[in-house]
$ cat target00.cif   # mmCIF, C-alpha atoms and all ligand atoms
data_start
#
loop_
_atom_site.label_atom_id
_atom_site.label_comp_id
_atom_site.auth_asym_id
_atom_site.auth_seq_id
_atom_site.Cartn_x
_atom_site.Cartn_y
_atom_site.Cartn_z
CA MET A 118 0.00 0.00 0.00
CA THR A 119 1.38 3.44 -0.83
CA ALA A 120 1.27 6.64 1.20
CA THR A 121 -1.59 7.93 -0.91
CA SER A 122 -3.84 4.96 -0.21
CA PHE A 123 -3.02 4.82 3.54
CA GLY A 124 -6.28 5.63 5.27
CA SER A 125 -8.55 5.73 2.24
CA ILE A 126 -10.51 2.60 3.18
CA ILE A 127 -12.78 3.18 6.17
CA CYS A 128 -14.39 0.33 8.13
CA PRO A 129 -18.21 0.26 8.24
CA THR A 130 -18.75 0.89 11.98
CA MET A 131 -17.82 3.97 14.02
CA ALA A 132 -18.34 5.05 17.63
CA VAL A 133 -19.86 8.43 18.47
CA SER A 134 -20.39 10.43 21.65
CA LEU A 135 -21.92 13.92 21.69
CA PHE A 136 -21.02 16.59 24.22
CA ASP A 137 -23.94 18.77 25.21
CA GLY A 138 -25.17 20.34 28.45
CA GLY A 139 -21.80 19.78 30.08
CA ARG A 140 -21.35 16.06 29.48
CA PHE A 141 -20.54 13.41 26.90
CA SER A 142 -23.41 11.09 25.93
CA ALA A 143 -23.35 7.31 26.11
CA VAL A 144 -21.41 5.81 23.21
CA ALA A 145 -23.34 4.87 20.09
CA LEU A 146 -21.93 2.39 17.59
CA GLN A 147 -23.30 3.31 14.20
CA PRO A 148 -22.71 2.85 10.48
CA VAL A 149 -20.11 5.21 9.00
CA ALA A 150 -22.07 7.93 7.20
CA PRO A 151 -21.82 11.67 6.53
CA LEU A 152 -22.01 13.65 9.79
CA GLY A 153 -24.66 16.21 8.90
CA LEU A 154 -22.78 19.16 10.39
CA HIS A 155 -24.48 22.54 10.40
CA PRO A 156 -22.76 25.00 8.02
CA ALA A 157 -22.29 27.31 11.02
CA ALA A 158 -20.54 24.62 13.08
CA HIS A 159 -17.66 26.03 15.13
CA VAL A 160 -15.08 23.62 13.68
CA LEU A 161 -15.71 24.75 10.10
CA HIS A 162 -14.94 28.37 10.92
CA TYR A 163 -12.59 28.46 13.88
CA GLY A 164 -10.67 25.21 13.60
CA SER A 165 -11.86 23.64 16.87
CA ALA A 166 -10.65 20.12 16.03
CA CYS A 167 -8.09 17.61 17.21
CA PHE A 168 -7.42 13.97 16.51
CA GLU A 169 -5.37 10.93 17.46
CA GLY A 170 -3.80 8.10 15.50
CA LEU A 171 -3.10 4.65 16.90
CA LYS A 172 -3.07 1.06 15.72
CA ALA A 173 -4.47 -2.36 16.50
CA HIS A 174 -2.34 -5.31 15.35
CA ARG A 175 -3.37 -8.88 14.63
CA GLY A 176 -0.88 -11.34 16.10
CA ARG A 177 -0.02 -14.74 14.67
CA ASP A 178 -1.88 -16.06 17.72
CA GLY A 179 -5.05 -14.47 16.34
CA VAL A 180 -5.27 -11.93 19.18
CA VAL A 181 -5.93 -8.31 18.21
CA ARG A 182 -3.98 -5.84 20.37
CA VAL A 183 -4.36 -2.07 20.56
CA PHE A 184 -1.01 -0.36 21.15
CA ARG A 185 -0.69 2.09 24.06
CA LEU A 186 -4.34 3.03 24.11
CA ASP A 187 -4.11 4.88 27.44
CA ARG A 188 -1.28 7.12 26.20
CA HIS A 189 -3.21 8.11 23.10
CA ALA A 190 -6.37 8.82 25.11
CA GLN A 191 -4.35 10.97 27.52
CA ARG A 192 -2.76 12.88 24.65
CA MET A 193 -6.20 13.51 23.11
CA ALA A 194 -7.38 14.90 26.45
CA GLY A 195 -4.34 17.21 26.47
CA SER A 196 -5.06 18.34 22.91
CA ALA A 197 -8.72 19.05 23.77
CA GLU A 198 -7.65 21.12 26.73
CA LEU A 199 -5.21 23.25 24.72
CA LEU A 200 -7.88 23.81 22.05
CA CYS A 201 -10.54 24.77 24.64
CA LEU A 202 -12.69 21.84 23.54
CA PRO A 203 -14.60 19.66 26.04
CA VAL A 204 -12.07 17.16 27.41
CA PRO A 205 -13.08 13.54 26.73
CA PRO A 206 -12.57 11.34 29.80
CA VAL A 207 -9.79 8.81 29.15
CA ASP A 208 -12.16 5.95 30.07
CA LEU A 209 -14.72 7.11 27.51
CA LEU A 210 -12.24 7.29 24.67
CA THR A 211 -10.56 3.99 25.50
CA ALA A 212 -13.98 2.31 25.56
CA MET A 213 -14.86 3.84 22.19
CA VAL A 214 -11.64 2.59 20.61
CA ARG A 215 -12.16 -0.91 22.00
CA ASP A 216 -15.75 -0.92 20.73
CA VAL A 217 -14.67 0.13 17.24
CA VAL A 218 -11.94 -2.50 17.10
CA ALA A 219 -14.36 -5.18 18.30
CA ALA A 220 -17.03 -4.13 15.78
CA ASN A 221 -14.55 -4.14 12.87
CA ARG A 222 -12.45 -7.05 14.11
CA ASP A 223 -12.67 -8.97 10.84
CA ALA A 224 -11.12 -6.00 9.01
CA VAL A 225 -7.89 -6.06 11.06
CA PRO A 226 -5.30 -7.09 8.44
CA GLU A 227 -2.60 -9.69 8.87
CA PRO A 228 0.91 -8.26 9.54
CA PRO A 229 2.54 -6.17 8.17
CA GLY A 230 -0.87 -4.51 7.92
CA ALA A 231 -2.73 -3.11 10.93
CA LEU A 232 -6.00 -1.40 11.81
CA TYR A 233 -5.36 2.33 12.06
CA LEU A 234 -7.71 4.06 14.51
CA ARG A 235 -8.60 7.69 14.25
CA PRO A 236 -10.40 9.40 17.15
CA VAL A 237 -11.62 12.90 16.22
CA LEU A 238 -13.06 15.69 18.37
CA ILE A 239 -14.79 18.70 16.79
CA GLY A 240 -16.66 21.76 18.03
CA THR A 241 -20.21 21.67 16.70
CA GLU A 242 -21.90 24.76 18.14
CA GLN A 243 -23.91 26.62 15.50
CA ASN A 244 -22.59 30.14 15.92
CA ILE A 245 -20.48 32.03 13.44
CA GLY A 246 -20.07 34.77 16.02
CA ALA A 247 -18.12 32.49 18.36
CA ALA A 248 -14.59 33.21 17.10
CA ALA A 249 -13.54 34.22 20.59
CA HIS A 250 -15.63 31.61 22.45
CA PRO A 251 -15.14 27.89 22.80
CA SER A 252 -17.77 25.64 21.27
CA SER A 253 -20.34 24.65 23.89
CA THR A 254 -21.15 21.43 22.04
CA ALA A 255 -18.86 18.87 20.46
CA MET A 256 -18.76 15.54 18.71
CA LEU A 257 -16.26 12.80 19.50
CA TYR A 258 -16.02 9.89 17.10
CA VAL A 259 -13.67 7.04 16.27
CA ILE A 260 -13.25 5.57 12.80
CA ALA A 261 -10.97 2.73 11.68
CA SER A 262 -8.99 1.98 8.55
CA PRO A 263 -7.12 -1.17 7.52
CA VAL A 264 -3.63 -0.07 6.43
CA GLY A 265 -0.36 -1.44 5.11
CA ASP A 266 3.07 0.10 5.60
CA TYR A 267 2.95 3.91 5.37
CA PHE A 268 6.47 3.91 3.99
CA ASP A 269 7.90 0.93 2.14
CA SER A 270 10.19 -0.10 5.02
CA SER A 271 13.00 -1.39 2.80
CA ARG A 272 13.43 1.98 1.12
CA SER A 273 15.23 4.76 2.93
CA LEU A 274 13.70 8.22 2.86
CA THR A 275 14.89 11.51 1.45
CA VAL A 276 14.30 14.27 3.99
CA ALA A 277 14.55 17.97 3.20
CA ILE A 278 15.60 20.24 6.06
CA GLU A 279 13.54 23.41 6.48
CA THR A 280 15.22 26.07 8.62
CA GLU A 281 13.12 29.14 7.75
CA LEU A 282 9.47 28.19 8.15
CA PRO A 283 8.09 26.49 11.28
CA ARG A 284 5.79 23.44 11.26
CA THR A 285 3.50 24.92 13.87
CA THR A 286 3.15 27.68 16.42
CA PRO A 287 4.69 27.61 19.92
CA GLN A 288 1.34 26.97 21.65
CA PHE A 289 0.24 24.12 19.33
CA GLY A 290 3.43 22.09 18.94
CA GLN A 291 2.12 19.30 21.18
CA VAL A 292 -1.36 19.15 19.68
CA LYS A 293 -2.69 17.02 16.85
CA THR A 294 -4.83 19.72 15.31
CA GLY A 295 -5.64 20.15 11.64
CA ALA A 296 -4.10 23.60 11.26
CA ASN A 297 -0.61 22.20 11.93
CA TYR A 298 -0.87 19.84 8.96
CA ALA A 299 -2.30 22.56 6.73
CA MET A 300 0.69 24.73 7.67
CA ALA A 301 3.21 22.02 6.75
CA LEU A 302 1.48 20.98 3.52
CA GLY A 303 2.70 23.64 1.10
CA ILE A 304 6.26 23.34 2.40
CA THR A 305 6.23 19.54 2.04
CA ARG A 306 4.74 19.72 -1.43
CA ARG A 307 7.42 22.15 -2.58
CA ALA A 308 10.22 19.97 -1.14
CA ARG A 309 8.78 16.99 -3.00
CA ALA A 310 8.60 18.86 -6.29
CA GLU A 311 12.01 20.52 -6.01
CA HIS A 312 14.11 17.81 -4.35
CA GLY A 313 12.09 14.59 -4.58
CA ALA A 314 11.89 14.71 -0.77
CA ASP A 315 9.59 12.25 1.01
CA GLN A 316 9.36 14.39 4.14
CA VAL A 317 10.41 17.75 5.52
CA LEU A 318 12.40 17.93 8.74
CA PHE A 319 11.45 21.17 10.43
CA ALA A 320 14.40 22.88 12.10
CA PRO A 321 13.45 26.51 12.64
CA GLY A 322 16.55 28.57 13.25
CA GLY A 323 18.66 25.40 13.03
CA ASP A 324 16.90 23.59 15.91
CA VAL A 325 15.99 20.07 14.69
CA GLN A 326 12.39 19.38 15.75
CA GLU A 327 10.42 16.80 13.73
CA THR A 328 8.75 16.13 10.38
CA GLY A 329 5.10 16.71 9.48
CA ALA A 330 3.99 13.56 11.33
CA SER A 331 7.00 11.83 12.88
CA ASN A 332 9.80 12.40 15.38
CA PHE A 333 13.49 12.41 14.46
CA MET A 334 16.27 10.25 15.93
CA LEU A 335 19.99 10.05 15.32
CA ILE A 336 21.45 6.60 16.04
CA ASP A 337 25.21 6.42 16.52
CA GLY A 338 26.27 2.93 17.54
CA GLU A 339 24.59 2.25 20.89
CA LEU A 340 23.64 5.88 21.36
CA ILE A 341 20.37 7.53 20.36
CA VAL A 342 20.09 11.31 20.27
CA THR A 343 16.67 12.96 20.02
CA LYS A 344 15.17 16.26 21.06
CA ALA A 345 14.15 16.49 24.71
CA LEU A 346 10.41 16.92 25.33
CA ASP A 347 9.34 20.53 25.27
CA ARG A 348 6.25 22.34 24.00
CA SER A 349 7.56 22.85 20.47
CA PHE A 350 6.81 19.40 19.05
CA LEU A 351 4.49 16.41 19.18
CA HIS A 352 5.44 13.90 21.87
CA GLY A 353 5.23 10.69 19.89
CA VAL A 354 4.10 7.51 21.60
CA THR A 355 6.36 5.65 19.14
CA ARG A 356 9.28 7.87 20.17
CA ASP A 357 8.73 6.94 23.80
CA SER A 358 8.32 3.24 22.95
CA ILE A 359 11.48 3.06 20.82
CA LEU A 360 13.51 4.86 23.51
CA THR A 361 12.17 2.48 26.17
CA ILE A 362 12.99 -0.63 24.12
CA ALA A 363 16.40 0.76 23.15
CA ARG A 364 17.29 1.55 26.79
CA GLU A 365 16.34 -2.01 27.70
CA SER A 366 18.66 -3.35 24.99
CA GLY A 367 21.60 -1.37 26.35
CA TYR A 368 21.43 1.81 24.33
CA GLN A 369 22.30 5.11 25.89
CA ILE A 370 19.74 7.84 25.25
CA GLU A 371 20.58 11.52 24.97
CA GLU A 372 17.51 13.74 25.02
CA ARG A 373 18.78 17.18 24.06
CA ASP A 374 18.72 19.79 21.34
CA LEU A 375 20.21 18.79 18.00
CA SER A 376 21.38 21.40 15.51
CA VAL A 377 21.23 21.15 11.74
CA SER A 378 25.00 21.53 11.57
CA GLU A 379 25.48 18.61 13.98
CA ILE A 380 23.26 16.22 12.01
CA ILE A 381 24.89 17.19 8.71
CA GLU A 382 28.36 16.75 10.16
CA ARG A 383 27.54 13.35 11.66
CA ALA A 384 25.45 12.06 8.74
CA PRO A 385 28.18 9.94 7.07
CA ASP A 386 28.85 7.98 10.28
CA VAL A 387 25.42 7.43 11.82
CA GLU A 388 21.87 6.22 11.16
CA MET A 389 18.86 8.50 11.20
CA ALA A 390 15.22 7.49 11.54
CA LEU A 391 11.69 8.85 11.80
CA SER A 392 9.31 7.43 14.41
CA GLY A 393 5.54 7.53 14.36
CA THR A 394 2.46 5.31 14.49
CA ALA A 395 2.22 5.35 10.69
CA ALA A 396 5.98 5.37 9.97
CA VAL A 397 6.87 2.90 12.79
CA LEU A 398 10.65 3.56 12.55
CA ALA A 399 11.54 4.60 9.01
CA PRO A 400 15.16 4.90 7.87
CA VAL A 401 16.45 8.23 6.54
CA GLY A 402 18.91 7.74 3.67
CA ARG A 403 19.45 11.28 2.51
CA LEU A 404 19.18 14.82 3.85
CA VAL A 405 18.66 17.76 1.53
CA HIS A 406 19.98 21.05 2.88
CA GLN A 407 20.16 24.29 0.89
CA GLY A 408 19.85 22.34 -2.35
CA ARG A 409 22.67 19.92 -1.47
CA THR A 410 22.05 16.20 -0.87
CA ILE A 411 23.92 14.57 2.01
CA THR A 412 23.95 10.77 2.26
CA VAL A 413 23.23 9.32 5.70
CA GLY A 414 25.54 6.34 6.35
CA ASP A 415 25.64 4.41 3.09
CA GLY A 416 22.20 5.69 2.15
CA SER A 417 20.33 2.45 2.86
CA ALA A 418 18.23 1.34 5.85
CA GLY A 419 20.53 1.11 8.87
CA VAL A 420 20.86 -2.21 10.71
CA ARG A 421 20.09 -0.68 14.10
CA THR A 422 17.06 1.15 12.76
CA THR A 423 15.79 -2.10 11.24
CA LYS A 424 16.43 -4.04 14.46
CA LEU A 425 14.67 -1.47 16.68
CA ARG A 426 11.75 -1.35 14.28
CA GLU A 427 11.44 -5.15 14.39
CA SER A 428 11.66 -5.16 18.20
CA LEU A 429 8.79 -2.67 18.45
CA LEU A 430 6.65 -4.56 15.93
CA ALA A 431 7.25 -7.79 17.86
CA VAL A 432 5.78 -6.26 21.04
CA GLN A 433 2.87 -4.77 19.08
CA ARG A 434 2.07 -8.15 17.52
CA GLY A 435 2.43 -10.12 20.73
CA GLU A 436 5.55 -11.94 19.50
CA ALA A 437 7.78 -10.52 22.24
CA PRO A 438 6.89 -10.09 25.93
CA ASP A 439 5.01 -6.88 26.73
CA ARG A 440 6.84 -5.90 29.90
CA TRP A 441 5.27 -2.48 30.08
CA GLY A 442 1.58 -3.30 29.72
CA TRP A 443 1.46 -1.49 26.41
CA THR A 444 -1.04 -3.70 24.62
CA THR A 445 -4.77 -4.08 25.16
CA ALA A 446 -6.25 -7.29 23.79
CA VAL A 447 -9.68 -6.85 22.19
C1 LIG A 501 1.42 11.91 15.26
C2 LIG A 501 2.67 12.69 15.12
C3 LIG A 501 3.91 12.17 15.52
C4 LIG A 501 4.11 10.75 15.97
O1 LIG A 501 3.40 10.43 17.11
P1 LIG A 501 3.08 8.91 17.46
O2 LIG A 501 2.39 8.99 18.75
O3 LIG A 501 4.40 8.23 17.54
O4 LIG A 501 2.25 8.39 16.35
C5 LIG A 501 5.02 13.01 15.46
N1 LIG A 501 4.91 14.27 15.01
C6 LIG A 501 3.74 14.78 14.60
C7 LIG A 501 3.70 16.19 14.13
C8 LIG A 501 2.58 14.01 14.64
O5 LIG A 501 1.43 14.52 14.21
#

$ encode --input "target00.cif" --output "structure tokens"
Amino acid sequence: MTATSFGSIICPTMAVSLFDGGRFSAVALQPVAPLGLHPAAHVLHYGSACFEGLKAHRGRDGVVRVFRLDRHAQRMAGSAELLCLPVPPVDLLTAMVRDVVAANRDAVPEPPGALYLRPVLIGTEQNIGAAAHPSSTAMLYVIASPVGDYFDSSRSLTVAIETELPRTTPQFGQVKTGANYAMALGITRRARAEHGADQVLFAPGGDVQETGASNFMLIDGELIVTKALDRSFLHGVTRDSILTIARESGYQIEERDLSVSEIIERAPDVEMALSGTAAVLAPVGRLVHQGRTITVGDGSAGVRTTKLRESLLAVQRGEAPDRWGWTTAV
């Protein structure tokens, strides 16, 4: 499956909860159908929307496991709070995800495929005068999509470094909200057209942050360097999982700022990778900086990147022990 078809097939059943009068309603499982939003709905005018992205994996043992459901539900609650949307209780969202996986269980593909789950929260109040007010009503829903690999994992990526334009704004770095992706779109499209880049690595002022939908890691022998958590970027659940697995396997982790000049200087001698629910851990083979292409290592998928990726997938698929309680069987 290619990047363009990732997410285009939607399973027939979704879960919905409506927020009105100060609380979320009981969850309804219903057929996927157009939402029937009012043209004056808050989300359509003032961008009151956030989402999550997580996966359920089918193991060889037949068990379907959702990966780090609690973390994703907590992050959605954080996003809602920053966007002044009603905050969905973690228990409500985790129940909705489990319900959707159970209802669409037959659609969970065999590995390397997975069921991608997409919780969405939108402001629905009918009021075009509410630019400066939060939406008093909202809709929370979860849809599911059977997916393959987002990136062909054997192919290393070409990543263009953007040092002028930011991916997001300081207050929304940690939030999965539509505006961030709209902001990155034109920049990514230009990098693709001009340099054949697969992704853009945003590094405003030379500070290496992340790409449009994945976190960045530099892997130098048994050392991983990645940006320390701050408010400027999205705190990936995959990032945290890879770092945890790597630490367990004896890696040293340095969470600190990385500059563009450091990654360019070290590129010939290290591996670089992008982590994310869709990307898993995708190898970076080339950087493009100011029109110049720099090869990372020998340009192919690094052995450590491949090994870490396989270790994570093994936990997700129930083929390796889940020592951290990361998986929820449905
Ligand atoms: C979703 C996302 C990530 C990766 O987060 P995961 O929890 O690992 O899927 C990284 N950066 C951005 C901007 C994202 O939207």

$ residues_around --input "target00.cif" --residues "Ser349 of chain A" --least-positions-apart "5" --cutoff "8 Å" --atoms "only C-alpha atoms" --output "list in words"
Thr286, Pro287, Gln288, Phe289, Gly290, Gln291 and Gln326 of chain A

$ write_last_selection --input "target00.cif" --atoms "C-alpha atoms" --output "short mmCIF file (atom, residue, chain, number, x, y, z; two decimals), keeping the file's coordinate frame"
data_model
loop_
_atom_site.label_atom_id
_atom_site.label_comp_id
_atom_site.auth_asym_id
_atom_site.auth_seq_id
_atom_site.Cartn_x
_atom_site.Cartn_y
_atom_site.Cartn_z
CA THR A 286 3.15 27.68 16.42
CA PRO A 287 4.69 27.61 19.92
CA GLN A 288 1.34 26.97 21.65
CA PHE A 289 0.24 24.12 19.33
CA GLY A 290 3.43 22.09 18.94
CA GLN A 291 2.12 19.30 21.18
CA GLN A 326 12.39 19.38 15.75
#

$ residues_near_ligand --input "target00.cif" --ligand "ligand LIG 501 (chain A)" --cutoff "10 Å" --atoms "all atoms listed in the file" --output "short mmCIF file (atom, residue, chain, number, x, y, z; two decimals) with C-alpha atoms, keeping the file's coordinate frame"
data_model
loop_
_atom_site.label_atom_id
_atom_site.label_comp_id
_atom_site.auth_asym_id
_atom_site.auth_seq_id
_atom_site.Cartn_x
_atom_site.Cartn_y
_atom_site.Cartn_z
CA PHE A 168 -7.42 13.97 16.51
CA GLU A 169 -5.37 10.93 17.46
CA GLY A 170 -3.80 8.10 15.50
CA LEU A 171 -3.10 4.65 16.90
CA LYS A 172 -3.07 1.06 15.72
CA ARG A 185 -0.69 2.09 24.06
CA ARG A 188 -1.28 7.12 26.20
CA HIS A 189 -3.21 8.11 23.10
CA ARG A 192 -2.76 12.88 24.65
CA ARG A 284 5.79 23.44 11.26
CA THR A 285 3.50 24.92 13.87
CA GLY A 290 3.43 22.09 18.94
CA GLN A 291 2.12 19.30 21.18
CA VAL A 292 -1.36 19.15 19.68
CA LYS A 293 -2.69 17.02 16.85
CA THR A 294 -4.83 19.72 15.31
CA GLY A 295 -5.64 20.15 11.64
CA ASN A 297 -0.61 22.20 11.93
CA TYR A 298 -0.87 19.84 8.96
CA ALA A 301 3.21 22.02 6.75
CA PHE A 319 11.45 21.17 10.43
CA GLN A 326 12.39 19.38 15.75
CA GLU A 327 10.42 16.80 13.73
CA THR A 328 8.75 16.13 10.38
CA GLY A 329 5.10 16.71 9.48
CA ALA A 330 3.99 13.56 11.33
CA SER A 331 7.00 11.83 12.88
CA ASN A 332 9.80 12.40 15.38
CA PHE A 333 13.49 12.41 14.46
CA SER A 349 7.56 22.85 20.47
CA PHE A 350 6.81 19.40 19.05
CA LEU A 351 4.49 16.41 19.18
CA HIS A 352 5.44 13.90 21.87
CA GLY A 353 5.23 10.69 19.89
CA VAL A 354 4.10 7.51 21.60
CA THR A 355 6.36 5.65 19.14
CA ARG A 356 9.28 7.87 20.17
CA ASP A 357 8.73 6.94 23.80
CA SER A 358 8.32 3.24 22.95
CA ILE A 359 11.48 3.06 20.82
CA LEU A 391 11.69 8.85 11.80
CA SER A 392 9.31 7.43 14.41
CA GLY A 393 5.54 7.53 14.36
CA THR A 394 2.46 5.31 14.49
CA ALA A 395 2.22 5.35 10.69
CA ALA A 396 5.98 5.37 9.97
CA VAL A 397 6.87 2.90 12.79
CA LEU A 398 10.65 3.56 12.55
#

$ closest_residue --input "target00.cif" --among "A:His174, A:Arg348, A:Arg306, A:Arg215" --to "Leu429 of chain A" --atoms "only C-alpha atoms"
A:His174

$ closest_residue --input "target00.cif" --among "A:Ala157, A:Ala231, A:Ile304, A:Ala390" --to "Val413 of chain A" --atoms "only C-alpha atoms"
A:Ala390

$ atom_distance --input "target00.cif" --atom1 "atom CA of Val225 of chain A" --atom2 "atom CA of Thr211 of chain A"
17.8 Å

$ atom_distance --input "target00.cif" --atom1 "atom CA of Pro206 of chain A" --atom2 "atom CA of Phe141 of chain A"
8.7 Å

$ residues_around --input "target00.cif" --residues "Ala150 of chain A" --least-positions-apart "3" --cutoff "12 Å" --atoms "only C-alpha atoms" --output "PyMOL selection string"
chain A and resi 127-133+146-147+153-154+258+260

$ write_last_selection --input "target00.cif" --atoms "C-alpha atoms" --output "short mmCIF file (atom, residue, chain, number, x, y, z; two decimals), keeping the file's coordinate frame"
data_model
loop_
_atom_site.label_atom_id
_atom_site.label_comp_id
_atom_site.auth_asym_id
_atom_site.auth_seq_id
_atom_site.Cartn_x
_atom_site.Cartn_y
_atom_site.Cartn_z
CA ILE A 127 -12.78 3.18 6.17
CA CYS A 128 -14.39 0.33 8.13
CA PRO A 129 -18.21 0.26 8.24
CA THR A 130 -18.75 0.89 11.98
CA MET A 131 -17.82 3.97 14.02
CA ALA A 132 -18.34 5.05 17.63
CA VAL A 133 -19.86 8.43 18.47
CA LEU A 146 -21.93 2.39 17.59
CA GLN A 147 -23.30 3.31 14.20
CA GLY A 153 -24.66 16.21 8.90
CA LEU A 154 -22.78 19.16 10.39
CA TYR A 258 -16.02 9.89 17.10
CA ILE A 260 -13.25 5.57 12.80
#

$ closest_residue --input "target00.cif" --among "A:Ala399, A:Ala299, A:Gly265, A:Asn244" --to "Pro156 of chain A" --atoms "only C-alpha atoms"
A:Asn244

$ closest_residue --input "target00.cif" --among "A:Thr410, A:Ala224, A:Pro229, A:His312" --to "Ser270 of chain A" --atoms "all atoms listed in the file"
A:Pro229

$ closest_residue --input "target00.cif" --among "A:Leu234, A:Gly179, A:Glu242, A:Ala296" --to "Val218 of chain A" --atoms "all atoms listed in the file"
A:Leu234

$ residues_around --input "target00.cif" --residues "Leu238 of chain A" --least-positions-apart "6" --cutoff "10 Å" --atoms "all atoms listed in the file" --output "JSON, numbers by chain"
{"A": [133, 134, 135, 136, 160, 165, 166, 167, 168, 169, 193, 194, 196, 197, 202, 203, 204, 205, 255, 256, 257, 258, 259, 294]}

$ write_last_selection --input "target00.cif" --atoms "C-alpha atoms" --output "PDB file, in the frame of the given file"
ATOM      1  CA  VAL A 133     -19.860   8.430  18.470  1.00  0.00           C
ATOM      2  CA  SER A 134     -20.390  10.430  21.650  1.00  0.00           C
ATOM      3  CA  LEU A 135     -21.920  13.920  21.690  1.00  0.00           C
ATOM      4  CA  PHE A 136     -21.020  16.590  24.220  1.00  0.00           C
ATOM      5  CA  VAL A 160     -15.080  23.620  13.680  1.00  0.00           C
ATOM      6  CA  SER A 165     -11.860  23.640  16.870  1.00  0.00           C
ATOM      7  CA  ALA A 166     -10.650  20.120  16.030  1.00  0.00           C
ATOM      8  CA  CYS A 167      -8.090  17.610  17.210  1.00  0.00           C
ATOM      9  CA  PHE A 168      -7.420  13.970  16.510  1.00  0.00           C
ATOM     10  CA  GLU A 169      -5.370  10.930  17.460  1.00  0.00           C
ATOM     11  CA  MET A 193      -6.200  13.510  23.110  1.00  0.00           C
ATOM     12  CA  ALA A 194      -7.380  14.900  26.450  1.00  0.00           C
ATOM     13  CA  SER A 196      -5.060  18.340  22.910  1.00  0.00           C
ATOM     14  CA  ALA A 197      -8.720  19.050  23.770  1.00  0.00           C
ATOM     15  CA  LEU A 202     -12.690  21.840  23.540  1.00  0.00           C
ATOM     16  CA  PRO A 203     -14.600  19.660  26.040  1.00  0.00           C
ATOM     17  CA  VAL A 204     -12.070  17.160  27.410  1.00  0.00           C
ATOM     18  CA  PRO A 205     -13.080  13.540  26.730  1.00  0.00           C
ATOM     19  CA  ALA A 255     -18.860  18.870  20.460  1.00  0.00           C
ATOM     20  CA  MET A 256     -18.760  15.540  18.710  1.00  0.00           C
ATOM     21  CA  LEU A 257     -16.260  12.800  19.500  1.00  0.00           C
ATOM     22  CA  TYR A 258     -16.020   9.890  17.100  1.00  0.00           C
ATOM     23  CA  VAL A 259     -13.670   7.040  16.270  1.00  0.00           C
ATOM     24  CA  THR A 294      -4.830  19.720  15.310  1.00  0.00           C
TER      25      THR A 294
END

$ residues_around --input "target00.cif" --residues "His250 of chain A" --least-positions-apart "3" --cutoff "10 Å" --atoms "only C-alpha atoms" --output "ChimeraX atom specification"
/A:159,163,201,244,246-247,253

$ axis_aligned_box --input "target00.cif" --around "segment 387-403 of chain A" --padding-each-side "5 Å" --output "JSON"
{"center_x": 13.8, "center_y": 7.1, "center_z": 8.5, "size_x": 33.2, "size_y": 18.4, "size_z": 22.0}

$ atom_distance --input "target00.cif" --atom1 "atom CA of Val342 of chain A" --atom2 "atom CA of Arg272 of chain A"
22.3 Å

$ residues_around --input "target00.cif" --residues "Thr422 of chain A" --least-positions-apart "3" --cutoff "9 Å" --atoms "all atoms listed in the file" --output "PyMOL selection string"
chain A and resi 336+388-390+398-400+418-419+425-427

$ closest_residue --input "target00.cif" --among "A:Met213, A:Val447, A:Ala320, A:Val181" --to "Thr280 of chain A" --atoms "all atoms listed in the file"
A:Ala320

$ decode --input "target00.cif" --residues "segment 160-169 of chain A" --atoms "N, CA and C atoms" --output "PDB file, in the first residue's frame"
ATOM      1  N   VAL A 160     -16.292  24.214  14.268  1.00  0.00           N
ATOM      2  CA  VAL A 160     -15.081  23.616  13.685  1.00  0.00           C
ATOM      3  C   VAL A 160     -14.825  24.113  12.269  1.00  0.00           C
ATOM      4  N   LEU A 161     -15.881  24.376  11.506  1.00  0.00           N
ATOM      5  CA  LEU A 161     -15.710  24.752  10.101  1.00  0.00           C
ATOM      6  C   LEU A 161     -15.199  26.181   9.945  1.00  0.00           C
ATOM      7  N   HIS A 162     -15.341  26.963  10.999  1.00  0.00           N
ATOM      8  CA  HIS A 162     -14.938  28.369  10.925  1.00  0.00           C
ATOM      9  C   HIS A 162     -13.693  28.661  11.746  1.00  0.00           C
ATOM     10  N   TYR A 163     -13.625  28.061  12.920  1.00  0.00           N
ATOM     11  CA  TYR A 163     -12.590  28.464  13.875  1.00  0.00           C
ATOM     12  C   TYR A 163     -11.640  27.340  14.256  1.00  0.00           C
ATOM     13  N   GLY A 164     -11.691  26.256  13.472  1.00  0.00           N
ATOM     14  CA  GLY A 164     -10.669  25.213  13.603  1.00  0.00           C
ATOM     15  C   GLY A 164     -10.656  24.465  14.925  1.00  0.00           C
ATOM     16  N   SER A 165     -11.820  24.357  15.585  1.00  0.00           N
ATOM     17  CA  SER A 165     -11.858  23.637  16.867  1.00  0.00           C
ATOM     18  C   SER A 165     -11.898  22.133  16.602  1.00  0.00           C
ATOM     19  N   ALA A 166     -10.729  21.548  16.352  1.00  0.00           N
ATOM     20  CA  ALA A 166     -10.654  20.124  16.032  1.00  0.00           C
ATOM     21  C   ALA A 166      -9.318  19.558  16.459  1.00  0.00           C
ATOM     22  N   CYS A 167      -9.342  18.332  16.969  1.00  0.00           N
ATOM     23  CA  CYS A 167      -8.090  17.614  17.207  1.00  0.00           C
ATOM     24  C   CYS A 167      -8.342  16.137  16.957  1.00  0.00           C
ATOM     25  N   PHE A 168      -7.254  15.391  16.821  1.00  0.00           N
ATOM     26  CA  PHE A 168      -7.416  13.969  16.511  1.00  0.00           C
ATOM     27  C   PHE A 168      -6.303  13.162  17.139  1.00  0.00           C
ATOM     28  N   GLU A 169      -6.415  11.859  17.026  1.00  0.00           N
ATOM     29  CA  GLU A 169      -5.374  10.933  17.461  1.00  0.00           C
ATOM     30  C   GLU A 169      -5.154   9.911  16.358  1.00  0.00           C
TER      31      GLU A 169
END
